[in-house]
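Visitor: This is the structure, below, for whatever I ask next.
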Amino acid sequence: MSDLLLHVTGARPNFPKAAPVLAALDDRGFAQRLVHTGQHYDDNMSAVFFRELHLPSPDVNLGVGSGSHAEQTAAIMVALEKEMLAAQPSLVIVYGDVNSTLAAALVTSKLGIPIAHVEAGLRSGDWTMPEEVNRVVTDRLSDRLYATSADAVAHLGSEGVPVDRIRLVGNPMIDTLLKHRDAFDGSRVRAALGLGETYAVATLHRPANVDSPESLGALTAAMSQVADQIDLVLPVHPRGAANLERSGLLAHPRIHPVEPVGYTEFLGLVDRSAFVVTDSGGIQEETTVLGVPCLTLRPNTERPVTITDGTNQLVTPADLPARASAALAAGRPVTWPVPPLWDGHAGERIAGDIATFLA
Ligand code: UD1
Ligand code: UDP
């Protein structure tokens, strides 16, 4: 019987990571099954990525939706176990660090099926982040660990993962960025908002930033001071929508809240922006490749390579306004470093290793 590969995706950042891996494995003739857990379900958080990135439609959508961590993770586990028992895959491929990733790793491991983790080894060292738990547990259970950067390889080694399981493959999210770069176009949103040539982009969705009124208070003051200097386009993640509305931030005349936008529109906006303010993981990487200064509103990052070999810097709410002024005054960099192997071929490297592993 030929090998069946089963991919588990569920949340927005999974989709640009999975697209190049699915394509490269398809080129090698593998039978594949794509499971969508339904963790994200709004059209602009999910389906738009399938359309724009030419992802195959999911073979099954488990439709788990939102809930507490336990509710969501458990619902995914119960539904996935049935799916895997029926499909009998040779390998399950999981992406990133969301609850869908963790749930899939737990179920797969208990069924005795090998797991490949794409984006293994990232560590913030911050156990208050739900993603840190998801990363560490998923890596511990994985048989093939695909790292985007050398520091991730080092973390896995220091945690005792056998070196023959780890491969430094580059960054599949950047494969997607490079593949679709010619289609990036933020002009519709810019025209609708009446924006000129100079503007910045912001996204906020980390629980530590948007869930508590105290942190939102500090953020609102800081972001308002940034918006006093420059128009800020803010695609609002559904997690923070109600709290951001209540905070008063969205009433600033130069803050332009919009619904989450599709991939090519979003990166079109980012690509032409003066700088980005964010707490996203993936956007730290995308701005690094695009050469857009990135001010990351977090005390730590699991992606330090975007600071050492990129355009990222960590900022606190207190120093955000001054860092934004400095970024505006300095202008976009003419040259900047990009991490090794972020070259558009990570998906092919992953597919090559999977072929060797299964052989
Ligand atoms: C999840 C991931 C986070 C990732 C983020 C990317 C976990 C623990 N967190 O966070 O690592 O950075 O996705 O965007 O897996 N909602 C909608 N529509 C949707 C999806 C969510 O309205 O399509 C709302 C619901 O009110 C939901 C809330 O957003 O309760 C949070 O969604 P959830 O998937 O639990 O976590 P995220 O904050 O999106
Ligand atoms: N993104 C998008 N539209 C938006 C905001 C983000 O297409 O309005 C893309 C972004 O370019 C990146 C991915 O969504 O590819 C990152 O998702 P998110 O920030 O939600 O998750 P994280 O990376 O923090 O887990």
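In the structure tokens, chains take the letters A, B, ... in the order shown, each chain's residues start at 1, and ligands count up from 1 in the order shown.
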Mind dumping a table of every chain A residue within 8 Å of ligand 1, with the nearest atom pair and its distance in Å to one decimal, using only C-alpha atoms and all ligand atoms, sorted by chain and rising number, as a tab-separated table?
Guide:
```
residue	atom	partner	partner_atom_place_in_ligand_line	distance
A:Ala11	CA	ligand 1	13 (O)	5.5
A:Arg12	CA	ligand 1	14 (O)	5.2
A:Pro13	CA	ligand 1	6 (C)	5.6
A:Gln39	CA	ligand 1	34 (O)	5.2
A:His40	CA	ligand 1	23 (O)	3.7
A:Tyr41	CA	ligand 1	23 (O)	3.8
A:Asp42	CA	ligand 1	23 (O)	3.8
A:Asp43	CA	ligand 1	23 (O)	7.2
A:Asn44	CA	ligand 1	23 (O)	7.6
A:Met45	CA	ligand 1	23 (O)	5.3
A:Ser46	CA	ligand 1	23 (O)	6.9
A:Gly65	CA	ligand 1	20 (C)	7.1
A:Ser66	CA	ligand 1	30 (O)	4.7
A:Gly67	CA	ligand 1	30 (O)	5.7
A:Ser68	CA	ligand 1	35 (O)	7.0
A:His69	CA	ligand 1	8 (C)	6.7
A:Gln72	CA	ligand 1	35 (O)	7.4
A:Asp97	CA	ligand 1	11 (O)	6.0
A:Val98	CA	ligand 1	15 (O)	3.4
A:Asn99	CA	ligand 1	15 (O)	3.8
A:Ser100	CA	ligand 1	15 (O)	6.4
A:Thr101	CA	ligand 1	15 (O)	7.9
A:Pro130	CA	ligand 1	8 (C)	5.4
A:Glu131	CA	ligand 1	11 (O)	5.4
A:Asn134	CA	ligand 1	8 (C)	7.9
A:His205	CA	ligand 1	38 (O)	6.1
A:Arg206	CA	ligand 1	38 (O)	6.7
A:Pro207	CA	ligand 1	38 (O)	6.9
A:His237	CA	ligand 1	14 (O)	7.0
A:Pro238	CA	ligand 1	22 (O)	4.6
A:Arg239	CA	ligand 1	29 (O)	3.8
A:Gly240	CA	ligand 1	29 (O)	7.5
A:Ser280	CA	ligand 1	12 (O)	6.3
A:Gly281	CA	ligand 1	12 (O)	6.7
```
Visitor: Listing only residues of chain A within 10 Å of ligand 2, what is the closest atom pair and its distance in Å (to one decimal) for each, using only C-alpha atoms and all ligand atoms, sorted by chain and residue number ascending, as CSV?
Guide:
```
residue,atom,partner,partner_atom_place_in_ligand_line,distance
A:Ala11,CA,ligand 2,20 (O),7.8
A:Arg12,CA,ligand 2,17 (O),5.3
A:Pro13,CA,ligand 2,17 (O),4.2
A:Asn14,CA,ligand 2,13 (C),8.0
A:Phe15,CA,ligand 2,15 (O),8.0
A:Pro16,CA,ligand 2,15 (O),6.0
A:Lys17,CA,ligand 2,15 (O),8.3
A:His40,CA,ligand 2,20 (O),9.9
A:Asn44,CA,ligand 2,3 (N),7.7
A:Met45,CA,ligand 2,3 (N),7.5
A:Ser46,CA,ligand 2,7 (O),9.3
A:Val48,CA,ligand 2,7 (O),8.5
A:Phe49,CA,ligand 2,7 (O),7.5
A:Glu52,CA,ligand 2,7 (O),9.9
A:Gly96,CA,ligand 2,25 (O),7.7
A:Asp97,CA,ligand 2,25 (O),7.4
A:Val98,CA,ligand 2,25 (O),7.2
A:Glu131,CA,ligand 2,25 (O),8.5
A:Met173,CA,ligand 2,15 (O),7.0
A:Ile174,CA,ligand 2,15 (O),9.0
A:Thr176,CA,ligand 2,15 (O),8.8
A:Leu177,CA,ligand 2,15 (O),8.1
A:Val201,CA,ligand 2,5 (C),9.8
A:Ala202,CA,ligand 2,5 (C),9.0
A:Thr203,CA,ligand 2,5 (C),6.7
A:Leu204,CA,ligand 2,19 (O),7.9
A:His205,CA,ligand 2,20 (O),7.3
A:Arg206,CA,ligand 2,24 (O),7.5
A:Val233,CA,ligand 2,8 (O),10.0
A:Leu234,CA,ligand 2,8 (O),8.1
A:Pro235,CA,ligand 2,8 (O),4.8
A:Val236,CA,ligand 2,8 (O),6.9
A:His237,CA,ligand 2,8 (O),7.0
A:Pro238,CA,ligand 2,20 (O),9.8
A:Arg239,CA,ligand 2,20 (O),9.9
A:Val258,CA,ligand 2,8 (O),8.3
A:Glu259,CA,ligand 2,8 (O),7.1
A:Pro260,CA,ligand 2,8 (O),3.6
A:Val261,CA,ligand 2,8 (O),4.1
A:Gly262,CA,ligand 2,7 (O),4.6
A:Tyr263,CA,ligand 2,7 (O),3.5
A:Thr264,CA,ligand 2,7 (O),6.9
A:Glu265,CA,ligand 2,7 (O),7.3
A:Phe266,CA,ligand 2,3 (N),4.9
A:Leu267,CA,ligand 2,11 (O),5.8
A:Gly268,CA,ligand 2,11 (O),9.5
A:Leu269,CA,ligand 2,3 (N),9.8
A:Val270,CA,ligand 2,11 (O),8.4
A:Thr278,CA,ligand 2,19 (O),8.1
A:Asp279,CA,ligand 2,24 (O),6.6
A:Ser280,CA,ligand 2,24 (O),3.3
A:Gly281,CA,ligand 2,23 (O),3.8
A:Gly282,CA,ligand 2,23 (O),3.5
A:Ile283,CA,ligand 2,12 (C),5.5
A:Gln284,CA,ligand 2,23 (O),8.1
A:Glu285,CA,ligand 2,23 (O),8.8
A:Glu286,CA,ligand 2,11 (O),6.9
A:Thr287,CA,ligand 2,11 (O),9.1
```
Visitor: With only C-alpha atoms as the counted atoms, please give the residues lying no more than 7 Å from range 81-94 of chain A, apart from itself and same-chain residues fewer than 5 positions off, as a short mmCIF file (atom, residue, chain, number, x, y, z; two decimals) with C-alpha atoms, in the first residue's frame.
Guide:
```cif
data_model
loop_
_atom_site.label_atom_id
_atom_site.label_comp_id
_atom_site.auth_asym_id
_atom_site.auth_seq_id
_atom_site.Cartn_x
_atom_site.Cartn_y
_atom_site.Cartn_z
CA ASP A 3 2.12 5.97 1.88
CA LEU A 4 -0.60 8.46 2.80
CA LEU A 5 0.56 11.75 4.31
CA LEU A 6 -1.96 13.54 6.52
CA HIS A 7 -1.53 17.30 7.12
CA VAL A 8 -3.26 19.01 10.04
CA THR A 9 -3.96 22.75 9.75
CA THR A 101 -0.77 21.57 16.30
CA VAL A 107 -3.42 12.10 19.08
CA ILE A 113 2.02 7.15 13.93
CA PRO A 114 5.19 9.17 13.16
CA ILE A 115 4.93 12.97 13.34
CA ALA A 116 6.76 15.63 11.34
CA HIS A 117 6.76 19.11 12.89
CA VAL A 118 7.27 22.04 10.54
#
```
Visitor: Which of range 41-204 of chain A counts as strand (DSSP E) under DSSP, as a list in words please?
Guide: Val60, Asn61, Leu91, Val92, Ile93, Val94, Tyr95, Ile115, Ala116, His117, Val118, Arg144, Leu145, Tyr146, Ala147, Ile166, Arg167, Leu168, Tyr199, Ala200, Val201, Ala202 and Thr203 of chain A
Visitor: Taking the DSSP secondary structure from the backbone, can you list the residues of range 71-155 of chain A that are alpha helix (DSSP H), as number ranges by chain?
Guide: A: 71-87, 99-110, 130-141, 150-155
Visitor: Listing only residues of range 117-215 of chain A within 12 Å of range 317-331 of chain A, what is the closest atom pair and its distance in Å (to one decimal) for each, using only C-alpha atoms, sorted by chain and residue number ascending, as CSV?
Guide:
```
residue,atom,partner,partner_atom,distance
A:Thr198,CA,A:Leu328,CA,9.3
A:Tyr199,CA,A:Leu328,CA,9.6
A:Ala200,CA,A:Leu328,CA,9.3
A:Val201,CA,A:Ala324,CA,11.5
A:Ala202,CA,A:Ala324,CA,11.6
A:Asn209,CA,A:Pro317,CA,10.1
A:Glu214,CA,A:Pro317,CA,11.7
A:Ser215,CA,A:Pro317,CA,8.9
```
Visitor: Using only C-alpha atoms, which of A:Val35, A:Ala105, A:Val189, A:Val153 sits nearest Leu141 in chain A?
Guide: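 Ranked by minimum distance to Leu141 in chain A, first place goes to A:Ala105.
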Visitor: Residues of range 278-352 of chain A that approach range 21-27 of chain A to 12 Å or less, counting only C-alpha atoms: could you list each one with the shortest pair of atoms and its distance in Å to one decimal, rows by chain and increasing residue number, as a tab-separated table?
Guide:
```
residue	atom	partner	partner_atom	distance
A:Gly344	CA	A:Val21	CA	11.3
A:His345	CA	A:Ala24	CA	9.3
A:Ala346	CA	A:Val21	CA	7.9
A:Gly347	CA	A:Val21	CA	4.4
A:Glu348	CA	A:Ala24	CA	5.2
A:Arg349	CA	A:Ala24	CA	8.6
A:Ile350	CA	A:Val21	CA	6.8
A:Ala351	CA	A:Leu25	CA	5.3
A:Gly352	CA	A:Leu25	CA	8.2
```
Visitor: For the residues selected in the previous step, produce a file with N, CA, C and O atoms as a JSON list (two decimals), in the first residue's frame.
Guide:
```json
[["chain", "number", "residue", "atom", "x", "y", "z"],
["A", 344, "GLY", "N", 13.12, 30.35, -0.35],
["A", 344, "GLY", "CA", 12.03, 29.88, -1.21],
["A", 344, "GLY", "C", 12.05, 28.38, -1.46],
["A", 344, "GLY", "O", 11.20, 27.89, -2.22],
["A", 345, "HIS", "N", 12.96, 27.64, -0.83],
["A", 345, "HIS", "CA", 13.05, 26.20, -1.13],
["A", 345, "HIS", "C", 12.88, 25.30, 0.10],
["A", 345, "HIS", "O", 13.27, 24.13, 0.06],
["A", 346, "ALA", "N", 12.33, 25.85, 1.17],
["A", 346, "ALA", "CA", 12.17, 25.04, 2.38],
["A", 346, "ALA", "C", 11.21, 23.87, 2.15],
["A", 346, "ALA", "O", 11.46, 22.74, 2.62],
["A", 347, "GLY", "N", 10.12, 24.11, 1.44],
["A", 347, "GLY", "CA", 9.14, 23.05, 1.19],
["A", 347, "GLY", "C", 9.78, 21.87, 0.47],
["A", 347, "GLY", "O", 9.53, 20.70, 0.81],
["A", 348, "GLU", "N", 10.64, 22.17, -0.51],
["A", 348, "GLU", "CA", 11.31, 21.08, -1.24],
["A", 348, "GLU", "C", 12.24, 20.31, -0.32],
["A", 348, "GLU", "O", 12.35, 19.08, -0.41],
["A", 349, "ARG", "N", 12.94, 21.02, 0.58],
["A", 349, "ARG", "CA", 13.85, 20.31, 1.51],
["A", 349, "ARG", "C", 13.06, 19.41, 2.44],
["A", 349, "ARG", "O", 13.46, 18.28, 2.74],
["A", 350, "ILE", "N", 11.91, 19.91, 2.90],
["A", 350, "ILE", "CA", 11.08, 19.09, 3.79],
["A", 350, "ILE", "C", 10.58, 17.86, 3.04],
["A", 350, "ILE", "O", 10.64, 16.73, 3.55],
["A", 351, "ALA", "N", 10.12, 18.06, 1.82],
["A", 351, "ALA", "CA", 9.60, 16.92, 1.04],
["A", 351, "ALA", "C", 10.71, 15.90, 0.79],
["A", 351, "ALA", "O", 10.47, 14.68, 0.87],
["A", 352, "GLY", "N", 11.90, 16.37, 0.52],
["A", 352, "GLY", "CA", 13.02, 15.46, 0.29],
["A", 352, "GLY", "C", 13.31, 14.62, 1.53],
["A", 352, "GLY", "O", 13.53, 13.40, 1.45]]
```
Visitor: So what do you get for CA of Ala19 in chain A versus CA of His54 in chain A, distance-wise?
Guide: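 Result for CA of Ala19 in chain A versus CA of His54 in chain A: 7.9 Å, one decimal.
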Visitor: Just to confirm, what's the straight-line distance from CA of Thr335 in chain A to CA of Arg167 in chain A in Å (one decimal)?
Guide: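 Atom-to-atom, CA of Thr335 in chain A and CA of Arg167 in chain A are spaced 28.6 Å apart.
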Visitor: For each of A:Leu178, A:Ile354, A:Leu297, A:Ala251, take the minimum atom-to-atom distance to Leu219 in chain A, counting only C-alpha atoms, then give the residue where this is smallest.
Guide: A:Leu297
Visitor: Would you list the contacts of Asp126 in chain A as a list in words, taking every protein, DNA or RNA residue within 12 Å and counting only C-alpha atoms, but skipping same-chain residues closer than 3 positions in sequence?
Guide: Leu122, Arg123, Met129, Pro130, Glu131, Glu132, Val133, Asn134, Arg135, Val136, Ala208, Arg298, Pro299, Asn300, Thr301 and Glu302 of chain A
Visitor: Take the residues from that selection and write them out as a short mmCIF file (atom, residue, chain, number, x, y, z; two decimals), in the first residue's frame, keeping N, CA and C atoms.
Guide:
```cif
data_model
loop_
_atom_site.label_atom_id
_atom_site.label_comp_id
_atom_site.auth_asym_id
_atom_site.auth_seq_id
_atom_site.Cartn_x
_atom_site.Cartn_y
_atom_site.Cartn_z
N LEU A 122 11.44 26.50 17.92
CA LEU A 122 11.34 27.91 18.34
C LEU A 122 11.03 27.96 19.83
N ARG A 123 11.69 28.84 20.54
CA ARG A 123 11.45 28.97 21.99
C ARG A 123 11.50 30.44 22.38
N MET A 129 3.02 32.06 27.57
CA MET A 129 2.46 32.01 26.21
C MET A 129 1.89 30.62 25.96
N PRO A 130 0.63 30.51 25.57
CA PRO A 130 0.11 29.17 25.27
C PRO A 130 0.93 28.48 24.18
N GLU A 131 1.47 29.27 23.26
CA GLU A 131 2.23 28.68 22.15
C GLU A 131 3.50 27.98 22.64
N GLU A 132 4.11 28.46 23.74
CA GLU A 132 5.35 27.85 24.20
C GLU A 132 5.08 26.41 24.66
N VAL A 133 3.97 26.21 25.35
CA VAL A 133 3.58 24.85 25.77
C VAL A 133 3.38 24.00 24.51
N ASN A 134 2.66 24.54 23.55
CA ASN A 134 2.37 23.78 22.32
C ASN A 134 3.65 23.40 21.59
N ARG A 135 4.61 24.32 21.55
CA ARG A 135 5.88 24.05 20.83
C ARG A 135 6.66 22.93 21.50
N VAL A 136 6.82 23.06 22.81
CA VAL A 136 7.69 22.13 23.53
C VAL A 136 7.10 20.72 23.49
N ALA A 208 -1.54 38.38 25.98
CA ALA A 208 -0.86 39.26 26.95
C ALA A 208 -1.07 40.73 26.61
N ARG A 298 6.46 43.02 22.34
CA ARG A 298 6.52 41.86 23.23
C ARG A 298 7.82 41.93 24.03
N PRO A 299 7.85 41.30 25.21
CA PRO A 299 9.09 41.29 26.00
C PRO A 299 10.09 40.26 25.51
N ASN A 300 9.68 39.37 24.62
CA ASN A 300 10.57 38.30 24.15
C ASN A 300 10.11 37.88 22.76
N THR A 301 10.96 37.10 22.09
CA THR A 301 10.52 36.52 20.82
C THR A 301 11.13 35.14 20.66
N GLU A 302 10.35 34.23 20.09
CA GLU A 302 10.85 32.90 19.75
C GLU A 302 11.57 32.94 18.40
#
```
Visitor: Counting only C-alpha atoms, what is within 12 Å of Ala154 in chain A, bar same-chain residues fewer than 6 positions away, as a ChimeraX atom specification?
Guide: /A:120-123,147-148,160-163,166-168
Visitor: Of the candidates A:Val78, A:Ala241, A:Pro58, A:Ala47, which one gets nearest to Leu34 in chain A if we count only C-alpha atoms?
Guide: A:Pro58
Visitor: Using only C-alpha atoms, which of the listed residues (A:Asp343, A:Asp139, A:Asp231, A:Asp182) sits closest to Arg165 in chain A?
Guide: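 Of A:Asp343, A:Asp139, A:Asp231, A:Asp182, the one nearest Arg165 in chain A, counting only C-alpha atoms, is A:Asp139.
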